[in-house]
Every structure is written in structure tokens, then in C-alpha cells.
Amino acid sequence: MSDEGDDRTAKWLVGDRLSCVLHIGDGAVAYRLAEQGHEVVVAGDDVTHRRHPEIQYVRTQGERLPFSARVFDAVIVPEVRDAPLALAEYARVLRTGGLLSTVSHRHDDSIPWLRKLREIIGARDNAHPSTDTFTASGLFHQPETTEAGSWQRLDLPALMKFAAERRHPSVPESALSQVRDLFESYGAQTGSLQLRTETTSLRARVDKSSMVEVDETSEIMLLDFR
């Protein structure tokens with residue numbers, strides 16, 4: 001997807017106004033939102049270092065979130081699972097009318113260069129989200145869905161950015177040097193590589209009508225790796 005398409009997707013996930021966003025796990029959407037002016041917190045048990053200067057980082061343990069109730073306008077997760085505790089925690093930290101959102105990208109793995117890139121950066125496509133997971137919990141309203149498909153032409157700078165944004169946290173940044181070699185092997189003659197992307201995005205508003213909230217504020221550990 002183009003930069004413009006990625007920007008549209010990020011905006012759709014959080015709505016039409018500047019928001020306070022919790023992004024579970026590090027990822028490209030968090031960077032897009034920060035660049036759009038949203039206040040972004042990245043949380044996860046695999047948060048190991050600061051990767052964006054405008055984002056706050058919180059190391060968590062398990063599915064419980066160390067935040068007060070009703071502090072975020074949107075929560076974005078890489079995968080919506082039917083885990084009762086996780087869904088309850090997302091609903092708890094959302095403000096009334098807040099959004100739980102997820103986005104999945106599928107790329108054509110029949111393309112040899114893409115298979116090689118995955119080996120380098122450790123990235124895999126996440127499964128398409130299920131709308132049933134949102135509604136079955138009773139904590140969220142019926143979700144909205146949007147889908148888009150696009151072709152993207154990646155020159156070397158665009159490929160490096162694509163790889164950097166999707167690099168798994170367990171893969172060292174030094175591995176990105178191999179991406180240049182990959183481009184020389186597959187894209188040097190034409191000056192670019194073609195990438196087909198299918199994007200599915202879901203969002204659902206929290207339903208707090210049946211929730212009994214006990215606000216137990218936990219200590220939040222913000223990680224500053226400067």
C-alpha cells in the first residue's frame with residue numbers, strides 16, 4: 001500500500017479526530033499515527049527499546065494493562081483474540097465511545113524477493129480478524145470493516161522503510177543491511193520491486209453499558225532508551 005493508503009488506514013482505525021491511542025506491540029501503524037499528531041503509547045511484553053522519538057513505551061506483563069480506566073480513545077491490536085481477560089482490559093481502558101481496532105495485511109508470498117525479505121526481518125502476515133470475536137464478548141458494538149487492495153512500487157529507500165517498519169523486535173537493526181543486498185539481486189535492473197497488498201481493517205466501539213469498573217491504577221513503567 002502507498003504512503004497515502006497507509007495514512008488513510010491509520011486515520012480510519014482511530015476516527016476523525018486527534019486521539020490518545022494505545023498500540024499493542026510495536027509496529028508501523030503506531031509510527032503513522034504519531035506522525036499524524038496523535039498521542040501514542042506502545043505497550044507489550046516484548047518492548048525492548050525506543051524506536052520512535054514521539055512515542056511513549058510501556059513494558060507490560062501478561063494481558064493485564066497497567067493503565068487507569070477510560071484513558072484511551074482507541075486501542076489498536078495486531079490480532080483480536082477471543083481471550084476474555086484481554087478483551088475486558090481493552091474495554092476497561094477505553095473511554096466511552098472509544099474504538100478497538102485491528103488491521104491485517106496480506107502480501108503475495110509467491111514473490112521470491114518477499115520470501116527472502118521475511119527471512120531477513122522476521123515479519124509474518126497476521127490472520128484476518130473475525131467480526132465474531134468483537135461481538136461475542138458483549139463488550140463491543142457491531143464492528144465496521146473496510147478492505148483495500150493495491151500495488152506498490154518500491155525503490156530502494158521505500159524498501160528500506162518498509163523493512164524497518166515491519167522488522168520484528170527480536171531481529172537486530174543491523175540485519176537491515178541485508179535488505180540492500182536483496183534489492184541489488186532482485187531490483188537493480190528495473191530500479192524497483194512490485195508488491196501486492198490486501199488490507200483488511202476492523203473497528204468496533206466499546207459498549208460500557210454492562211461494565212462494572214473498578215479503577216485500580218497500577219504503576220506504569222515508561223521506557224526511555226535514549
# chains A, B, ... in the order shown; residues from 1 in each chain; ligands from 1

$ residues_around --residues "Gly97 of chain A" --least-positions-apart "2" --cutoff "7 Å" --atoms "only C-alpha atoms" --output "list in words"
Arg95, Leu99, Arg205 and Val206 of chain A

$ write_last_selection --atoms "C-alpha atoms" --output "CSV table (one decimal), in the first residue's frame"
chain,number,residue,atom,x,y,z
A,95,ARG,CA,-13.2,5.9,27.1
A,99,LEU,CA,-12.6,2.2,19.4
A,205,ARG,CA,-16.9,0.9,19.6
A,206,VAL,CA,-16.8,-0.2,23.2

$ closest_atom_pairs --of "segment 84-146 of chain A" --to "segment 186-192 of chain A" --cutoff "12 Å" --atoms "only C-alpha atoms" --output "tab-separated table"
residue	atom	partner	partner_atom	distance
A:Ile111	CA	A:Tyr186	CA	10.6
A:Pro112	CA	A:Tyr186	CA	8.8
A:Trp113	CA	A:Tyr186	CA	6.6
A:Leu114	CA	A:Tyr186	CA	10.0
A:Arg115	CA	A:Tyr186	CA	12.0
A:Lys116	CA	A:Tyr186	CA	10.3
A:Leu117	CA	A:Tyr186	CA	11.1

$ closest_residue --among "A:Leu176, A:Ala204, A:Val75, A:Leu154" --to "Glu89 of chain A" --atoms "only C-alpha atoms"
A:Val75

$ closest_residue --among "A:Ser19, A:Ser150, A:Ser209, A:Gln36" --to "Asp108 of chain A" --atoms "only C-alpha atoms"
A:Ser150

$ select_by_dssp --residues "chain A" --states "strand (DSSP E or B)" --output "number ranges by chain"
A: 20-24, 39-44, 55-59, 72-77, 94-107, 140, 144-154, 193-206, 222

$ atom_distance --atom1 "atom CA of Ser185 of chain A" --atom2 "atom CA of Asp109 of chain A"
17.5 Å

$ closest_residue --among "A:Tyr31, A:Gly138, A:Pro78, A:Thr96" --to "Lys161 of chain A" --atoms "only C-alpha atoms"
A:Tyr31

$ closest_residue --among "A:Arg196, A:Leu33, A:Thr133, A:Val42" --to "Glu79 of chain A" --atoms "only C-alpha atoms"
A:Thr133

$ closest_residue --among "A:Ala123, A:Leu94, A:Val41, A:Ile76" --to "His107 of chain A" --atoms "only C-alpha atoms"
A:Ala123

$ residues_around --residues "Ala28 of chain A" --least-positions-apart "5" --cutoff "10 Å" --atoms "only C-alpha atoms" --output "number ranges by chain"
A: 6, 10, 33, 161-162, 164-167

$ write_last_selection --atoms "N, CA and C atoms" --output "PDB file, in the first residue's frame"
ATOM      1  N   ASP A   6      -1.606   4.017   3.476  1.00  0.00           N
ATOM      2  CA  ASP A   6      -1.286   3.720   4.869  1.00  0.00           C
ATOM      3  C   ASP A   6      -1.798   4.817   5.793  1.00  0.00           C
ATOM      4  N   ALA A  10      -4.549   4.273   8.807  1.00  0.00           N
ATOM      5  CA  ALA A  10      -4.266   4.659  10.192  1.00  0.00           C
ATOM      6  C   ALA A  10      -5.332   5.612  10.714  1.00  0.00           C
ATOM      7  N   LEU A  33       0.527   7.026  13.132  1.00  0.00           N
ATOM      8  CA  LEU A  33      -0.354   7.809  13.993  1.00  0.00           C
ATOM      9  C   LEU A  33       0.408   8.913  14.713  1.00  0.00           C
ATOM     10  N   LYS A 161      12.479   1.444   4.138  1.00  0.00           N
ATOM     11  CA  LYS A 161      11.469   1.921   5.088  1.00  0.00           C
ATOM     12  C   LYS A 161      10.459   0.821   5.387  1.00  0.00           C
ATOM     13  N   PHE A 162      10.016   0.123   4.346  1.00  0.00           N
ATOM     14  CA  PHE A 162       9.071  -0.986   4.502  1.00  0.00           C
ATOM     15  C   PHE A 162       9.641  -2.043   5.442  1.00  0.00           C
ATOM     16  N   ALA A 164      12.155  -1.670   7.676  1.00  0.00           N
ATOM     17  CA  ALA A 164      12.402  -1.136   9.019  1.00  0.00           C
ATOM     18  C   ALA A 164      11.119  -1.090   9.839  1.00  0.00           C
ATOM     19  N   GLU A 165      10.014  -0.700   9.207  1.00  0.00           N
ATOM     20  CA  GLU A 165       8.747  -0.587   9.925  1.00  0.00           C
ATOM     21  C   GLU A 165       8.200  -1.949  10.338  1.00  0.00           C
ATOM     22  N   ARG A 166       8.539  -2.992   9.582  1.00  0.00           N
ATOM     23  CA  ARG A 166       7.971  -4.312   9.843  1.00  0.00           C
ATOM     24  C   ARG A 166       8.957  -5.284  10.492  1.00  0.00           C
ATOM     25  N   ARG A 167      10.163  -4.839  10.742  1.00  0.00           N
ATOM     26  CA  ARG A 167      11.149  -5.700  11.390  1.00  0.00           C
ATOM     27  C   ARG A 167      10.653  -6.139  12.758  1.00  0.00           C
TER      28      ARG A 167
END

$ residues_around --residues "segment 139-146 of chain A" --least-positions-apart "6" --cutoff "7 Å" --atoms "only C-alpha atoms" --output "list in words"
Ala91, Thr131, Thr200, Ser201, Leu202, Arg203, Ala204, Arg205, Val206, Asp207 and Lys208 of chain A

$ write_last_selection --atoms "N, CA and C atoms" --output "PDB file, in the first residue's frame"
ATOM      1  N   ALA A  91     -11.503  -3.005  26.814  1.00  0.00           N
ATOM      2  CA  ALA A  91     -12.726  -2.258  27.083  1.00  0.00           C
ATOM      3  C   ALA A  91     -12.560  -1.346  28.297  1.00  0.00           C
ATOM      4  N   THR A 131     -15.066 -10.802  12.813  1.00  0.00           N
ATOM      5  CA  THR A 131     -16.010  -9.884  13.432  1.00  0.00           C
ATOM      6  C   THR A 131     -16.711 -10.534  14.621  1.00  0.00           C
ATOM      7  N   THR A 200      -7.134  -5.530   5.343  1.00  0.00           N
ATOM      8  CA  THR A 200      -8.445  -5.629   5.982  1.00  0.00           C
ATOM      9  C   THR A 200      -8.368  -4.934   7.330  1.00  0.00           C
ATOM     10  N   SER A 201      -9.270  -3.971   7.557  1.00  0.00           N
ATOM     11  CA  SER A 201      -9.290  -3.223   8.808  1.00  0.00           C
ATOM     12  C   SER A 201     -10.649  -3.377   9.479  1.00  0.00           C
ATOM     13  N   LEU A 202     -10.634  -3.545  10.799  1.00  0.00           N
ATOM     14  CA  LEU A 202     -11.854  -3.639  11.599  1.00  0.00           C
ATOM     15  C   LEU A 202     -11.776  -2.659  12.752  1.00  0.00           C
ATOM     16  N   ARG A 203     -12.932  -2.111  13.125  1.00  0.00           N
ATOM     17  CA  ARG A 203     -13.003  -1.284  14.321  1.00  0.00           C
ATOM     18  C   ARG A 203     -14.394  -1.452  14.938  1.00  0.00           C
ATOM     19  N   ALA A 204     -14.444  -1.416  16.257  1.00  0.00           N
ATOM     20  CA  ALA A 204     -15.718  -1.547  16.965  1.00  0.00           C
ATOM     21  C   ALA A 204     -15.697  -0.629  18.181  1.00  0.00           C
ATOM     22  N   ARG A 205     -16.814   0.024  18.437  1.00  0.00           N
ATOM     23  CA  ARG A 205     -16.903   0.923  19.591  1.00  0.00           C
ATOM     24  C   ARG A 205     -17.218   0.121  20.848  1.00  0.00           C
ATOM     25  N   VAL A 206     -16.594   0.527  21.943  1.00  0.00           N
ATOM     26  CA  VAL A 206     -16.791  -0.166  23.208  1.00  0.00           C
ATOM     27  C   VAL A 206     -18.209   0.070  23.710  1.00  0.00           C
ATOM     28  N   ASP A 207     -18.768  -0.948  24.340  1.00  0.00           N
ATOM     29  CA  ASP A 207     -20.092  -0.866  24.960  1.00  0.00           C
ATOM     30  C   ASP A 207     -19.910  -1.011  26.463  1.00  0.00           C
ATOM     31  N   LYS A 208     -19.974   0.101  27.173  1.00  0.00           N
ATOM     32  CA  LYS A 208     -19.724   0.098  28.615  1.00  0.00           C
ATOM     33  C   LYS A 208     -21.003  -0.040  29.445  1.00  0.00           C
TER      34      LYS A 208
END

$ select_by_dssp --residues "segment 93-215 of chain A" --states "alpha helix (DSSP H)" --output "ChimeraX atom specification"
/A:93,112-121,131-136,156-166,177-186

$ atom_distance --atom1 "atom CA of Leu65 of chain A" --atom2 "atom CA of Thr9 of chain A"
25.3 Å

$ residues_around --residues "Gly25 of chain A" --least-positions-apart "3" --cutoff "12 Å" --atoms "only C-alpha atoms" --output "ChimeraX atom specification"
/A:22,28-31,40-49,51,56-60,75-79,102,166,168-169

$ write_last_selection --atoms "C-alpha atoms" --output "PDB file, in the first residue's frame"
ATOM      1  CA  LEU A  22      -2.755   2.602  22.854  1.00  0.00           C
ATOM      2  CA  ALA A  28       4.207   0.709  11.505  1.00  0.00           C
ATOM      3  CA  VAL A  29       0.683   1.915  12.338  1.00  0.00           C
ATOM      4  CA  ALA A  30       1.943   3.394  15.624  1.00  0.00           C
ATOM      5  CA  TYR A  31       4.547   5.424  13.727  1.00  0.00           C
ATOM      6  CA  VAL A  40       0.617   7.228  21.031  1.00  0.00           C
ATOM      7  CA  VAL A  41       1.625   4.710  23.679  1.00  0.00           C
ATOM      8  CA  VAL A  42       3.172   1.408  22.588  1.00  0.00           C
ATOM      9  CA  ALA A  43       2.790  -1.399  25.134  1.00  0.00           C
ATOM     10  CA  GLY A  44       3.903  -5.009  25.160  1.00  0.00           C
ATOM     11  CA  ASP A  45       5.963  -7.582  26.978  1.00  0.00           C
ATOM     12  CA  ASP A  46       8.476  -7.590  24.102  1.00  0.00           C
ATOM     13  CA  VAL A  47       9.142  -3.819  24.190  1.00  0.00           C
ATOM     14  CA  THR A  48      12.912  -3.616  24.463  1.00  0.00           C
ATOM     15  CA  HIS A  49      13.941  -0.221  23.149  1.00  0.00           C
ATOM     16  CA  ARG A  51      12.097   3.132  18.155  1.00  0.00           C
ATOM     17  CA  GLN A  56       5.895   6.540  24.814  1.00  0.00           C
ATOM     18  CA  TYR A  57       6.822   2.931  25.531  1.00  0.00           C
ATOM     19  CA  VAL A  58       5.426   0.760  28.326  1.00  0.00           C
ATOM     20  CA  ARG A  59       6.609  -2.732  29.174  1.00  0.00           C
ATOM     21  CA  THR A  60       3.743  -4.975  30.250  1.00  0.00           C
ATOM     22  CA  VAL A  75      -6.773   0.694  21.273  1.00  0.00           C
ATOM     23  CA  ILE A  76      -5.099  -0.939  18.262  1.00  0.00           C
ATOM     24  CA  VAL A  77      -4.108  -4.581  18.467  1.00  0.00           C
ATOM     25  CA  PRO A  78      -2.268  -6.741  15.928  1.00  0.00           C
ATOM     26  CA  GLU A  79      -4.798  -9.529  16.398  1.00  0.00           C
ATOM     27  CA  THR A 102      -7.106  -4.051  14.180  1.00  0.00           C
ATOM     28  CA  ARG A 166       7.971  -4.312   9.843  1.00  0.00           C
ATOM     29  CA  HIS A 168      10.338  -7.945  14.308  1.00  0.00           C
ATOM     30  CA  PRO A 169      11.720  -6.547  17.607  1.00  0.00           C
TER      31      PRO A 169
END

$ closest_residue --among "A:Trp12, A:Glu39, A:Asp26, A:Val93" --to "Met211 of chain A" --atoms "only C-alpha atoms"
A:Val93

$ atom_distance --atom1 "atom CA of His105 of chain A" --atom2 "atom CA of Thr197 of chain A"
6.5 Å
